Each structure stands twice: as C-alpha cells, then as structure tokens.
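*Asks:* You'll find run18.pdb just under this line, and it carries PDB, C-alpha atoms.
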MODEL        1
ATOM      1  CA  MET A   1      13.873  21.924  -6.617
ATOM      2  CA  ARG A   2      12.803  19.320  -4.073
ATOM      3  CA  ARG A   3      14.422  19.331  -0.675
ATOM      4  CA  THR A   4      15.490  15.984   0.752
ATOM      5  CA  ALA A   5      16.964  15.422   4.183
ATOM      6  CA  ASP A   6      20.666  15.350   4.935
ATOM      7  CA  LEU A   7      22.703  14.243   7.923
ATOM      8  CA  THR A   8      22.776  17.718   9.458
ATOM      9  CA  GLU A   9      18.997  18.058   9.375
ATOM     10  CA  LEU A  10      18.282  14.627  10.852
ATOM     11  CA  THR A  11      20.975  14.634  13.544
ATOM     12  CA  PRO A  12      18.863  16.342  16.284
ATOM     13  CA  LEU A  13      15.940  13.978  15.647
ATOM     14  CA  VAL A  14      18.080  10.842  15.664
ATOM     15  CA  ARG A  15      19.985  11.957  18.771
ATOM     16  CA  ALA A  16      16.663  12.506  20.559
ATOM     17  CA  ALA A  17      15.472   9.070  19.476
ATOM     18  CA  THR A  18      18.603   7.051  20.209
ATOM     19  CA  GLY A  19      21.079   9.109  22.227
ATOM     20  CA  ARG A  20      23.647   8.232  19.562
ATOM     21  CA  ARG A  21      25.495  10.319  16.959
ATOM     22  CA  PRO A  22      24.458   9.737  13.349
ATOM     23  CA  VAL A  23      27.383   9.197  11.000
ATOM     24  CA  ALA A  24      25.802   8.434   7.610
ATOM     25  CA  ILE A  25      22.472   8.705   5.851
ATOM     26  CA  ARG A  26      20.921   7.160   2.754
ATOM     27  CA  ARG A  27      17.509   7.799   1.247
ATOM     28  CA  LEU A  28      15.901   4.456   0.468
ATOM     29  CA  ALA A  29      14.259   3.906  -2.904
ATOM     30  CA  GLY A  30      10.630   3.064  -3.463
ATOM     31  CA  GLY A  31       8.654   5.560  -1.405
ATOM     32  CA  SER A  32       6.468   7.956  -3.388
ATOM     33  CA  LYS A  33       4.515   9.582  -0.533
ATOM     34  CA  LYS A  34       7.125   9.907   2.227
ATOM     35  CA  GLY A  35      10.864  10.065   2.670
ATOM     36  CA  VAL A  36      12.506   6.935   4.059
ATOM     37  CA  TYR A  37      16.079   7.306   5.318
ATOM     38  CA  ARG A  38      18.432   4.737   6.819
ATOM     39  CA  VAL A  39      20.723   6.464   9.306
ATOM     40  CA  ARG A  40      23.915   4.770  10.520
ATOM     41  CA  LEU A  41      24.944   5.441  14.114
ATOM     42  CA  ASP A  42      28.318   5.791  15.774
ATOM     43  CA  ASN A  43      27.919   2.394  17.477
ATOM     44  CA  ALA A  44      27.529   0.593  14.108
ATOM     45  CA  GLY A  45      23.767   0.354  14.618
ATOM     46  CA  ALA A  46      21.126   1.970  12.417
ATOM     47  CA  VAL A  47      17.618   3.356  12.485
ATOM     48  CA  VAL A  48      15.131   4.283   9.785
ATOM     49  CA  VAL A  49      13.505   7.710   9.677
ATOM     50  CA  TYR A  50      10.139   8.343   8.017
ATOM     51  CA  LEU A  51       9.424  11.939   6.992
ATOM     52  CA  TRP A  52       6.109  13.315   5.784
ATOM     53  CA  ARG A  53       6.233  16.728   4.121
ATOM     54  CA  PRO A  54       5.356  18.069   0.661
ATOM     55  CA  ASP A  55       8.860  17.731  -0.760
ATOM     56  CA  GLU A  56       8.877  14.007   0.050
ATOM     57  CA  ASP A  57       5.542  13.330  -1.699
ATOM     58  CA  PHE A  58       5.940  12.821  -5.447
ATOM     59  CA  TRP A  59       2.239  12.566  -6.261
ATOM     60  CA  PRO A  60       0.997  15.608  -8.203
ATOM     61  CA  ALA A  61      -1.659  17.453  -6.214
ATOM     62  CA  THR A  62      -4.172  16.909  -9.016
ATOM     63  CA  ALA A  63      -3.674  13.138  -8.738
ATOM     64  CA  ARG A  64      -4.553  12.909  -5.048
ATOM     65  CA  ARG A  65      -8.010  11.773  -4.068
ATOM     66  CA  ASN A  66      -9.067  13.784  -1.021
ATOM     67  CA  CYS A  67     -12.636  12.881  -0.148
ATOM     68  CA  GLY A  68     -12.400  13.002   3.625
ATOM     69  CA  PRO A  69     -10.116  11.290   6.127
ATOM     70  CA  ALA A  70     -11.976   7.980   6.244
ATOM     71  CA  ASP A  71     -12.252   7.499   2.477
ATOM     72  CA  PRO A  72     -10.498   4.186   1.767
ATOM     73  CA  PHE A  73      -8.934   5.447  -1.455
ATOM     74  CA  ALA A  74      -7.920   8.887  -0.228
ATOM     75  CA  HIS A  75      -4.254   9.843  -0.536
ATOM     76  CA  ALA A  76      -2.598   7.579   2.056
ATOM     77  CA  SER A  77       0.081   9.835   3.443
ATOM     78  CA  GLY A  78       0.769  11.100   6.923
ATOM     79  CA  CYS A  79       2.249  10.345  10.291
ATOM     80  CA  ARG A  80      -1.145   9.914  11.947
ATOM     81  CA  LEU A  81      -2.273   7.309   9.401
ATOM     82  CA  PHE A  82       0.952   5.398  10.034
ATOM     83  CA  LEU A  83       0.575   5.474  13.814
ATOM     84  CA  ASP A  84      -3.079   4.433  13.743
ATOM     85  CA  ALA A  85      -2.399   1.565  11.359
ATOM     86  CA  HIS A  86       0.604   0.516  13.465
ATOM     87  CA  ARG A  87      -1.551   0.408  16.593
ATOM     88  CA  ARG A  88      -4.271  -1.692  14.965
ATOM     89  CA  LEU A  89      -1.930  -4.149  13.270
ATOM     90  CA  SER A  90       0.157  -4.541  16.420
ATOM     91  CA  ALA A  91      -2.978  -5.386  18.400
ATOM     92  CA  LEU A  92      -3.623  -8.237  15.948
ATOM     93  CA  GLY A  93      -0.101  -9.584  16.335
ATOM     94  CA  VAL A  94       0.899  -8.575  12.815
ATOM     95  CA  GLY A  95       4.590  -7.735  12.377
ATOM     96  CA  VAL A  96       5.275  -4.009  11.923
ATOM     97  CA  PRO A  97       8.424  -1.899  12.456
ATOM     98  CA  GLU A  98       9.282  -1.024  16.054
ATOM     99  CA  ILE A  99       8.576   2.649  16.781
ATOM    100  CA  LEU A 100      11.466   4.225  18.672
ATOM    101  CA  PHE A 101      10.437   7.873  18.539
ATOM    102  CA  ARG A 102       7.830  10.116  16.973
ATOM    103  CA  ASP A 103       7.700  13.857  16.410
ATOM    104  CA  GLU A 104       4.313  15.094  15.244
ATOM    105  CA  ARG A 105       4.972  18.585  16.636
ATOM    106  CA  ARG A 106       8.044  19.101  14.445
ATOM    107  CA  ARG A 107      10.289  19.861  17.394
ATOM    108  CA  TRP A 108      13.383  18.286  15.853
ATOM    109  CA  VAL A 109      12.882  18.481  12.098
ATOM    110  CA  ASP A 110      10.641  20.418   9.723
ATOM    111  CA  ALA A 111       8.402  17.445   8.971
ATOM    112  CA  ASP A 112       6.163  14.965  10.708
ATOM    113  CA  ALA A 113       8.623  12.237  11.641
ATOM    114  CA  VAL A 114       8.797   8.731  13.053
ATOM    115  CA  VAL A 115      11.989   6.847  13.867
ATOM    116  CA  VAL A 116      11.755   3.056  13.706
ATOM    117  CA  GLY A 117      14.144   0.203  14.309
ATOM    118  CA  ASP A 118      16.173  -0.745  11.268
ATOM    119  CA  LEU A 119      15.039  -3.779   9.332
ATOM    120  CA  PRO A 120      17.805  -4.211   6.764
ATOM    121  CA  GLY A 121      15.798  -6.831   4.963
ATOM    122  CA  PRO A 122      15.881  -8.515   2.655
ATOM    123  CA  SER A 123      12.372  -7.990   1.356
ATOM    124  CA  LEU A 124      10.157 -10.985   0.772
ATOM    125  CA  GLU A 125      10.174 -10.085  -2.919
ATOM    126  CA  THR A 126      13.956 -10.513  -3.002
ATOM    127  CA  LEU A 127      13.863 -13.788  -1.079
ATOM    128  CA  LEU A 128      11.211 -15.295  -3.347
ATOM    129  CA  ARG A 129      13.461 -14.676  -6.342
ATOM    130  CA  GLN A 130      15.978 -16.962  -4.626
ATOM    131  CA  GLY A 131      13.481 -19.743  -3.972
ATOM    132  CA  PRO A 132      10.408 -20.748  -1.914
ATOM    133  CA  GLN A 133      10.083 -19.294   1.584
ATOM    134  CA  PRO A 134       7.527 -21.627   3.202
ATOM    135  CA  ALA A 135       7.952 -20.495   6.812
ATOM    136  CA  THR A 136       7.702 -16.795   5.998
ATOM    137  CA  MET A 137       4.804 -17.269   3.593
ATOM    138  CA  ASP A 138       2.962 -19.363   6.164
ATOM    139  CA  ALA A 139       3.478 -16.698   8.824
ATOM    140  CA  LEU A 140       2.313 -13.988   6.432
ATOM    141  CA  ALA A 141      -0.748 -16.042   5.496
ATOM    142  CA  ALA A 142      -1.606 -16.421   9.180
ATOM    143  CA  ALA A 143      -1.258 -12.659   9.671
ATOM    144  CA  LEU A 144      -3.513 -11.959   6.699
ATOM    145  CA  ASP A 145      -6.069 -14.385   8.088
ATOM    146  CA  ARG A 146      -6.102 -12.524  11.421
ATOM    147  CA  MET A 147      -6.621  -9.324   9.475
ATOM    148  CA  ARG A 148      -9.419 -10.939   7.445
ATOM    149  CA  CYS A 149     -11.218 -11.873  10.659
ATOM    150  CA  CYS A 150     -10.706  -8.463  12.282
ATOM    151  CA  PRO A 151     -14.029  -6.806  13.203
ATOM    152  CA  ALA A 152     -14.665  -3.881  10.852
ATOM    153  CA  PRO A 153     -16.739  -1.007  12.278
ATOM    154  CA  ALA A 154     -17.202   0.542   8.811
ATOM    155  CA  ILE A 155     -15.477   0.973   5.464
ATOM    156  CA  GLY A 156     -12.462   3.243   5.531
ATOM    157  CA  LYS A 157      -9.019   4.168   6.795
ATOM    158  CA  VAL A 158      -8.224   2.634  10.184
ATOM    159  CA  GLY A 159      -7.606   5.725  12.295
ATOM    160  CA  PRO A 160     -10.572   7.840  11.186
ATOM    161  CA  VAL A 161     -12.978   4.883  11.344
ATOM    162  CA  ASP A 162     -11.766   3.879  14.810
ATOM    163  CA  SER A 163     -12.323   7.468  15.960
ATOM    164  CA  GLY A 164     -15.915   7.440  14.717
ATOM    165  CA  VAL A 165     -15.655   9.001  11.239
ATOM    166  CA  ARG A 166     -17.881   7.366   8.626
ATOM    167  CA  ILE A 167     -18.386   7.567   4.888
ATOM    168  CA  ASP A 168     -21.800   7.282   3.250
ATOM    169  CA  GLU A 169     -21.041   4.137   1.246
ATOM    170  CA  THR A 170     -21.573   0.721   2.832
ATOM    171  CA  ARG A 171     -20.610  -1.500  -0.113
ATOM    172  CA  CYS A 172     -16.942  -1.987  -0.924
ATOM    173  CA  GLU A 173     -17.691  -3.263  -4.414
ATOM    174  CA  ARG A 174     -19.506  -0.074  -5.376
ATOM    175  CA  LEU A 175     -16.538   2.042  -4.292
ATOM    176  CA  VAL A 176     -14.178  -0.200  -6.266
ATOM    177  CA  TYR A 177     -16.382  -0.047  -9.369
ATOM    178  CA  GLU A 178     -16.678   3.744  -9.313
ATOM    179  CA  ARG A 179     -12.952   4.172  -8.725
ATOM    180  CA  ALA A 180     -12.127   1.726 -11.533
ATOM    181  CA  LEU A 181     -14.262   3.675 -14.003
ATOM    182  CA  ALA A 182     -12.483   6.876 -12.988
ATOM    183  CA  ASP A 183      -9.068   5.194 -13.345
ATOM    184  CA  LEU A 184     -10.041   3.859 -16.752
ATOM    185  CA  ALA A 185     -11.172   7.258 -18.010
ATOM    186  CA  ASP A 186      -8.114   9.012 -16.582
ATOM    187  CA  ALA A 187      -5.630   6.519 -18.000
ATOM    188  CA  ALA A 188      -7.373   6.449 -21.370
ATOM    189  CA  ARG A 189      -6.667  10.173 -21.738
ATOM    190  CA  ARG A 190      -2.934   9.413 -21.474
ATOM    191  CA  GLU A 191      -2.682   6.042 -23.216
ATOM    192  CA  PRO A 192      -4.114   5.540 -26.749
ATOM    193  CA  ARG A 193      -4.194   1.745 -26.459
ATOM    194  CA  LEU A 194      -6.443   2.018 -23.432
ATOM    195  CA  ALA A 195      -8.575   4.684 -25.088
ATOM    196  CA  ALA A 196      -9.269   2.274 -27.952
ATOM    197  CA  ALA A 197     -10.570  -0.313 -25.482
ATOM    198  CA  GLU A 198     -12.263   2.073 -23.033
ATOM    199  CA  ASP A 199     -15.870   1.219 -23.940
ATOM    200  CA  ARG A 200     -15.189  -2.521 -23.865
ATOM    201  CA  LEU A 201     -13.439  -2.369 -20.495
ATOM    202  CA  ALA A 202     -16.140  -0.148 -19.013
ATOM    203  CA  ALA A 203     -18.747  -2.708 -20.084
ATOM    204  CA  THR A 204     -16.660  -5.525 -18.597
ATOM    205  CA  LEU A 205     -16.355  -3.654 -15.302
ATOM    206  CA  ARG A 206     -20.117  -3.177 -15.243
ATOM    207  CA  THR A 207     -20.717  -6.887 -15.875
ATOM    208  CA  LEU A 208     -18.263  -7.923 -13.161
ATOM    209  CA  TYR A 209     -19.711  -5.453 -10.672
ATOM    210  CA  GLU A 210     -23.255  -6.702 -11.264
ATOM    211  CA  ARG A 211     -22.141 -10.270 -10.506
ATOM    212  CA  VAL A 212     -20.995  -9.330  -6.991
ATOM    213  CA  ALA A 213     -23.573 -10.080  -4.319
ATOM    214  CA  PRO A 214     -23.793  -7.696  -1.334
ATOM    215  CA  ARG A 215     -22.503  -9.019   1.979
ATOM    216  CA  PRO A 216     -21.635  -7.695   5.454
ATOM    217  CA  LEU A 217     -18.323  -5.872   5.752
ATOM    218  CA  VAL A 218     -15.441  -7.850   7.194
ATOM    219  CA  GLY A 219     -11.713  -7.440   7.406
ATOM    220  CA  LEU A 220      -8.676  -5.227   7.637
ATOM    221  CA  VAL A 221      -6.315  -4.929   4.670
ATOM    222  CA  HIS A 222      -2.874  -3.443   4.068
ATOM    223  CA  GLY A 223      -4.011  -2.061   0.726
ATOM    224  CA  GLU A 224      -0.843  -2.597  -1.336
ATOM    225  CA  LEU A 225       0.498  -5.943  -0.227
ATOM    226  CA  GLY A 226       3.392  -6.798  -2.498
ATOM    227  CA  GLY A 227       6.590  -8.583  -1.604
ATOM    228  CA  ASP A 228       8.410  -5.238  -1.561
ATOM    229  CA  HIS A 229       6.176  -4.144   1.322
ATOM    230  CA  VAL A 230       7.165  -7.125   3.455
ATOM    231  CA  LEU A 231      10.567  -7.215   5.139
ATOM    232  CA  VAL A 232      11.838 -10.430   6.691
ATOM    233  CA  ARG A 233      13.615 -10.717  10.018
ATOM    234  CA  PRO A 234      16.533 -13.164  10.370
ATOM    235  CA  ASP A 235      14.175 -15.701  11.978
ATOM    236  CA  GLY A 236      11.852 -15.548   8.951
ATOM    237  CA  THR A 237       9.171 -13.383  10.572
ATOM    238  CA  PRO A 238       7.443 -11.066   8.071
ATOM    239  CA  VAL A 239       7.109  -7.359   8.876
ATOM    240  CA  LEU A 240       4.681  -5.125   6.970
ATOM    241  CA  ILE A 241       5.904  -1.689   5.905
ATOM    242  CA  ASP A 242       4.244   1.241   4.104
ATOM    243  CA  ILE A 243       1.157   0.679   6.218
ATOM    244  CA  GLU A 244      -0.435   4.127   5.989
ATOM    245  CA  GLY A 245      -3.075   2.844   3.562
ATOM    246  CA  ALA A 246      -4.398   0.176   5.951
ATOM    247  CA  MET A 247      -8.189   0.164   5.908
ATOM    248  CA  TYR A 248     -11.291  -1.789   6.786
ATOM    249  CA  PHE A 249     -12.258  -3.336   3.482
ATOM    250  CA  ASP A 250     -12.942  -6.573   1.645
ATOM    251  CA  PRO A 251     -10.073  -9.082   1.889
ATOM    252  CA  GLU A 252     -10.561  -9.779  -1.820
ATOM    253  CA  TRP A 253      -9.184  -6.285  -2.489
ATOM    254  CA  GLU A 254      -5.983  -7.299  -0.705
ATOM    255  CA  HIS A 255      -5.779 -10.582  -2.541
ATOM    256  CA  ALA A 256      -6.484  -9.064  -5.954
ATOM    257  CA  PHE A 257      -3.376  -6.915  -5.512
ATOM    258  CA  ALA A 258      -1.363  -9.758  -3.967
ATOM    259  CA  ARG A 259      -2.233 -12.080  -6.893
ATOM    260  CA  ILE A 260      -0.697  -9.555  -9.265
ATOM    261  CA  ARG A 261       2.408  -8.973  -7.169
ATOM    262  CA  PHE A 262       3.082 -12.502  -5.820
ATOM    263  CA  GLY A 263       2.038 -14.390  -8.943
ATOM    264  CA  ALA A 264       2.447 -18.153  -8.550
ATOM    265  CA  HIS A 265       3.260 -17.702  -4.855
ATOM    266  CA  HIS A 266      -0.099 -16.085  -4.084
ATOM    267  CA  PRO A 267      -2.025 -19.294  -3.238
ATOM    268  CA  ASP A 268       0.380 -19.812  -0.326
ATOM    269  CA  LEU A 269      -1.094 -16.659   1.265
ATOM    270  CA  VAL A 270      -4.716 -17.771   1.212
ATOM    271  CA  ARG A 271      -6.574 -19.155   4.212
ATOM    272  CA  GLY A 272     -10.160 -20.095   3.514
ATOM    273  CA  PRO A 273     -12.285 -19.305   0.449
ATOM    274  CA  LEU A 274     -12.407 -16.019  -1.421
ATOM    275  CA  ASP A 275     -15.501 -14.692  -3.189
ATOM    276  CA  GLU A 276     -14.627 -15.422  -6.811
ATOM    277  CA  ALA A 277     -16.943 -12.800  -8.340
ATOM    278  CA  ARG A 278     -15.558 -10.165  -6.019
ATOM    279  CA  LEU A 279     -11.954 -11.223  -6.655
ATOM    280  CA  ARG A 280     -12.433 -11.137 -10.422
ATOM    281  CA  CYS A 281     -13.996  -7.668 -10.350
ATOM    282  CA  TYR A 282     -11.324  -6.339  -8.029
ATOM    283  CA  THR A 283      -8.506  -7.824 -10.114
ATOM    284  CA  LEU A 284      -9.481  -5.853 -13.211
ATOM    285  CA  ALA A 285      -9.926  -2.761 -11.034
ATOM    286  CA  GLU A 286      -6.425  -3.248  -9.616
ATOM    287  CA  HIS A 287      -4.920  -3.573 -13.083
ATOM    288  CA  LEU A 288      -6.551  -0.293 -14.108
ATOM    289  CA  SER A 289      -5.385   1.389 -10.908
ATOM    290  CA  LEU A 290      -1.841   0.181 -11.611
ATOM    291  CA  VAL A 291      -1.983   1.811 -15.014
ATOM    292  CA  ALA A 292      -3.588   5.082 -13.930
ATOM    293  CA  GLY A 293      -1.497   5.579 -10.774
ATOM    294  CA  PRO A 294       1.957   5.266 -12.363
ATOM    295  CA  LEU A 295       0.883   7.441 -15.301
ATOM    296  CA  ARG A 296      -0.198  10.154 -12.851
ATOM    297  CA  LEU A 297       3.141   9.897 -11.066
ATOM    298  CA  LEU A 298       4.953  10.212 -14.381
ATOM    299  CA  ASP A 299       3.195  13.541 -14.925
ATOM    300  CA  GLY A 300       5.424  14.835 -12.119
ATOM    301  CA  ASP A 301       9.094  14.491 -11.220
ATOM    302  CA  VAL A 302       9.069  11.093  -9.531
ATOM    303  CA  PRO A 303      12.489   9.367  -9.663
ATOM    304  CA  ASN A 304      13.056   5.856 -11.002
ATOM    305  CA  ARG A 305      10.708   6.571 -13.891
ATOM    306  CA  ALA A 306      11.566   3.363 -15.713
ATOM    307  CA  ALA A 307      10.116   1.296 -12.877
ATOM    308  CA  PHE A 308       6.787   3.149 -12.930
ATOM    309  CA  THR A 309       6.662   2.931 -16.716
ATOM    310  CA  ALA A 310       7.173  -0.837 -16.456
ATOM    311  CA  ILE A 311       4.380  -1.170 -13.881
ATOM    312  CA  ALA A 312       1.971   0.739 -16.091
ATOM    313  CA  GLU A 313       2.959  -1.260 -19.172
ATOM    314  CA  TYR A 314       2.573  -4.651 -17.498
ATOM    315  CA  ASN A 315      -0.847  -3.819 -16.069
ATOM    316  CA  LEU A 316      -2.004  -2.241 -19.312
ATOM    317  CA  GLY A 317      -1.311  -5.527 -21.064
ATOM    318  CA  ALA A 318      -3.103  -7.448 -18.312
ATOM    319  CA  ALA A 319      -6.151  -5.173 -18.460
ATOM    320  CA  LEU A 320      -6.421  -5.361 -22.243
ATOM    321  CA  ALA A 321      -6.158  -9.169 -22.136
ATOM    322  CA  PHE A 322      -8.408  -9.637 -19.095
ATOM    323  CA  ASP A 323     -10.838 -12.542 -19.378
ATOM    324  CA  PRO A 324     -13.927 -11.826 -17.246
ATOM    325  CA  ASP A 325     -14.851 -15.511 -17.126
ATOM    326  CA  ARG A 326     -11.497 -17.045 -16.208
ATOM    327  CA  PRO A 327     -11.658 -18.976 -12.892
ATOM    328  CA  MET A 328      -9.449 -17.459 -10.224
ATOM    329  CA  SER A 329     -10.655 -18.508  -6.780
ATOM    330  CA  VAL A 330      -8.093 -20.213  -4.570
ATOM    331  CA  THR A 331      -8.400 -21.931  -1.213
ATOM    332  CA  ARG A 332      -5.540 -23.060   1.011
ATOM    333  CA  GLY A 333      -4.850 -23.830   4.625
TER     334      GLY A 333
ENDMDL
END
What does this structure look like when you write it as structure tokens?
*Replies:*
Amino acid sequence: MRRTADLTELTPLVRAATGRRPVAIRRLAGGSKKGVYRVRLDNAGAVVVYLWRPDEDFWPATARRNCGPADPFAHASGCRLFLDAHRRLSALGVGVPEILFRDERRRWVDADAVVVGDLPGPSLETLLRQGPQPATMDALAAALDRMRCCPAPAIGKVGPVDSGVRIDETRCERLVYERALADLADAARREPRLAAAEDRLAATLRTLYERVAPRPLVGLVHGELGGDHVLVRPDGTPVLIDIEGAMYFDPEWEHAFARIRFGAHHPDLVRGPLDEARLRCYTLAEHLSLVAGPLRLLDGDVPNRAAFTAIAEYNLGAALAFDPDRPMSVTRG
C-alpha cells in the first residue's frame, strides 16, 4: 500500500520552514510524479509542501523513460529538477511559486522536500471557464515570449544542460518523431482502435517529420503548459507550477500542447510566428503522447482514473481524425 504524508510526518518540516504549528493537511489532486500537500498553519496562513519519493510517484517503473539526466523526455521528477527550473524561470521574470524552504538531505522528512508559499488559486483553467481573462493571458503570453527568446545552450532539461551535460541529438524534431513512433506503438498494444490505424499514423508522422526544415535551437519551454499548470494571483499575475519538466526545446512543442489544452484561447498566448510544419508535426505527436501516457498510468494504481481515461479518449479521437494538411499557424501580438 502506498504511503502518503500526514500531519505528524510533515510537522517538523513545516515548523522548520515557517516557525508555525501546522493544524491541518490536505493532499492536492492532479500530481502524478510528486506529492503536493496544502498545510494550514495556526495563524490561519498556509504553505504548500512538495514531496518526491517513490510512494508519491504513480508512474509504473516500466513507463519511465530514463535516458540520462539531460534527455528532454526523461521522467521529469525530482527536487533538483524543480530547483533548477525555478532558478532559470525566475531569472527570466516568469512567475513561479516562492520557495520558503528546501530539504534535499531529508533532515526533516523521509523525502526530498520543498516548501513554497501557498497559491490558493484559482487556476487559469478554472478562470477561463468563467470567461475571458485578457490581462492574465497577456501576461502569460509575454512570459512565454521571454522563454521563447531565452538562449538555449543545447537540447535538454534545464539543470543538466546548464551544468554542461549534453545529449547526442541536435534536432528537436527528430527526438519528437522517434518518441511519437514509440508512443504510437506502445499505445497500439493497449488500444485496438489505434492498432487498426497504426500503419496510417506512422506514415503520417513520417510525412510531417520530413516537412520540417532544420533550424538552430532556440527557446525554453515548460513542457506541459495547460491551464491547470498556471495559478493566478489576486492581481491577475500568472504563476507556473509543475515546472520540473522545463527544458531547452522548440517553442512549437510548447504551443502544440497549449493548443490542445487552451483550445480557442490559445491564439491569445502567441507572440510572433510559429513554424507551421513543426507545429503540425508536434501536434500529432502530442496527441499520441496524451494517449500513451495516460494508458501507461492506468496500468498502475493512479487515482482519479476517470480523468486519465478521458484524456486518453479525447486524444485518441483527435489522433485518429488528424488532418496532416489542415492550416494551424497563428500569429498574435
């Protein structure tokens, strides 16, 4: 049985971080690679605790890509990845949670831990259901543009690349293509409807990949930028969370995911042109990833299984119906 944190376990850590007495704890939904806990304090304040340990990671070991620390698609879990991404994004003026305390030596709790200031939300996803959020979307677009223009030393996860680690590949599109083929094959073993279309989709991926022209590497991306990964301060400022997957990579990879998650709101996040061939290729790859990933999670004991089933089902339909010639470039700002 998995072990999750309770108030007794987190009290020494939270006391060290805040000097206050914790009075209540709640594990927040959504995280699949780390535990996220909101802890109420005796002064009516609150903090959020991130914990990284095996019991908090719901990804089956066989589903984790571990090809070296800099690999952009390696399993994005760990305190060090969070801290390195936080440092880089902060330097660009991108909103991230305030770090109050960190414990990588496990002095206070049996896990790598970071305590951050509480951001009760709401998420941008929730706000957009209520109506347009022009100020927040404009601020997020500006942040993404700063990330797009960020000098990229090489492809890969922020911390390892900044410390000098390199991978052999120099073309983002080739990595995306190879990963998409692997996702397609893996998901087809679990889903008969995808298996029936596997050859057609593999040929489409090949066609889309061959249309992408090589170019110099630019940009820093969050990696999974959906509205649920953006919290909004009372003044409308967006704050990125779940940042461990931040990497130096094509901005079209970010926008392919954001197009899926933000839908009609996505054009409000674009500053300047996107490479249409690259965006089209990456969009199909993202759909396949969002089928394969949830299906791998469902092999294990991940909670909220209905949500992951729905993600896989939606993206399966999108992949099967994908039109490789449909225009999709957008330019704003």
*Asks:* Taking the file above as input, evaluate the PyMOL selection byres ((chain A and resi 289-305) around 8) and report the hits as a list in words.
*Replies:* Ser32, Phe58, Trp59, Pro60, Ala63, Ala180, Asp183, Leu184, Asp186, Ala187, Arg190, Ala285, Glu286, His287, Leu288, Ala306, Ala307, Phe308, Thr309, Ile311, Ala312, Glu313, Asn315 and Leu316 of chain A
*Asks:* Hey, which of A:Phe322, A:Tyr50, A:Trp108, A:Tyr37 ends up closest to Leu201 of chain A? Count only C-alpha atoms.
*Replies:*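 Between A:Phe322, A:Tyr50, A:Trp108, A:Tyr37, the residue approaching Leu201 of chain A most closely is A:Phe322.
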*Asks:* Give one line per residue of segment 190-254 of chain A that approaches segment 113-122 of chain A to at most 9 Å, naming the two atoms of the closest pair and their distance in Å to one decimal, counting only C-alpha atoms; sort by chain then ascending residue number and deliver it as a tab-separated table.
*Replies:*
residue	atom	partner	partner_atom	distance
A:Val230	CA	A:Gly121	CA	8.8
A:Leu231	CA	A:Gly121	CA	5.2
A:Val232	CA	A:Gly121	CA	5.6
A:Arg233	CA	A:Gly121	CA	6.7
A:Pro234	CA	A:Gly121	CA	8.4
A:Val239	CA	A:Leu119	CA	8.7
*Asks:* Identify all residues satisfying the PyMOL selection byres ((chain A and resi 240) around 8) in the given file; provide them as a PyMOL selection string.
*Replies:* chain A and resi 94-97+229-231+238-239+241-243
*Asks:* So that I have them on file, write out the residues from the current selection with C-alpha atoms, as a tab-separated table (two decimals), keeping the file's coordinate frame.
*Replies:*
chain	number	residue	atom	x	y	z
A	94	VAL	CA	0.90	-8.57	12.82
A	95	GLY	CA	4.59	-7.74	12.38
A	96	VAL	CA	5.28	-4.01	11.92
A	97	PRO	CA	8.42	-1.90	12.46
A	229	HIS	CA	6.18	-4.14	1.32
A	230	VAL	CA	7.16	-7.12	3.46
A	231	LEU	CA	10.57	-7.22	5.14
A	238	PRO	CA	7.44	-11.07	8.07
A	239	VAL	CA	7.11	-7.36	8.88
A	241	ILE	CA	5.90	-1.69	5.90
A	242	ASP	CA	4.24	1.24	4.10
A	243	ILE	CA	1.16	0.68	6.22
*Asks:* Which residue is closest to Arg105 of chain A? Choose from A:Glu244, A:Leu41, A:Arg80, A:Asp57 and count only C-alpha atoms.
*Replies:* A:Arg80
*Asks:* Which residues come within 8 Å of Tyr248 of chain A, counting all atoms listed in the file, excluding same-chain residues fewer than 5 positions away, as a list in words?
*Replies:*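 Close residues of Tyr248 of chain A: Pro72, Ala152, Pro153, Ala154, Ile155, Gly156, Lys157, Val158, Val218, Gly219, Leu220 and Val221 of chain A.
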*Asks:* Just the number, please: distance in Å from atom CA of Arg148 of chain A to atom CA of Asp250 of chain A, one decimal.
*Replies:* 8.1 Å
*Asks:* Please determine, counting only C-alpha atoms, which residue among A:Cys281, A:Ala310, A:Val270, A:Leu320 has the shortest atom-to-atom distance to Leu144 of chain A.
*Replies:*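 Result for the nearest residue to Leu144 of chain A: A:Val270.
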*Asks:* Do you know which residues lie at most 10 Å from (23.2, 16.8, 8.6), with coordinates as in the file and all atoms listed in the file counted, and could you write them as a list in words?
*Replies:*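 All residues meeting the 10 Å criterion around (23.2, 16.8, 8.6) are Ala5, Asp6, Leu7, Thr8, Glu9, Leu10, Thr11, Pro12, Pro22, Val23, Ala24 and Ile25 of chain A.
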*Asks:* Just checking: using all atoms listed in the file, which residue out of A:Ala264, A:Val161, A:Cys172, A:Leu269 ends up closest to Asp138 of chain A?
*Replies:*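 For Asp138 of chain A, the nearest of the given residues is A:Leu269.
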*Asks:* Atom CA of Thr126 of chain A to atom CA of Gly227 of chain A: how many Å, to one decimal?
*Replies:* 7.7 Å
*Asks:* Given only C-alpha atoms as the basis, pick out the residue of A:Ser90, A:Asn43, A:Thr283, A:Thr170 nearest to Arg259 of chain A.
*Replies:*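 Closest to Arg259 of chain A, using only C-alpha atoms: A:Thr283.
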*Asks:* Using the chain letters and numbers from the file, which residues does the PyMOL selection byres ((chain A and resi 78) around 9) grab, as a PyMOL selection string?
*Replies:* chain A and resi 33-34+51-53+76-77+79-83+112+244
*Asks:* Mind checking which residues fall within 7 Å of Gly226 of chain A, counting only C-alpha atoms, ignoring those fewer than 3 positions away in the same chain, and posting them as a list of chain:residue names?
*Replies:*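 The filter keeps A:His229, A:Ala258, A:Arg261, A:Phe262.
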*Asks:* Find the distance between atom CA of Tyr282 of chain A and atom CA of Val176 of chain A and write it in Å to one decimal.
*Replies:*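 Atom CA of Val176 of chain A lies 7.0 Å from atom CA of Tyr282 of chain A.
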*Asks:* Looking at only C-alpha atoms, which of A:Ala196, A:Thr136, A:Ala321, A:Thr207 is the one that sits closest to Gly236 of chain A?
*Replies:*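 Looking only at the distances to Gly236 of chain A, the closest residue turns out to be A:Thr136.
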*Asks:* Show me, as a PyMOL selection string, the residues that have an atom within 10 Å of Asp325 of chain A when counting only C-alpha atoms, minus same-chain residues fewer than 3 positions from it.
*Replies:* chain A and resi 208+277+280+322+328
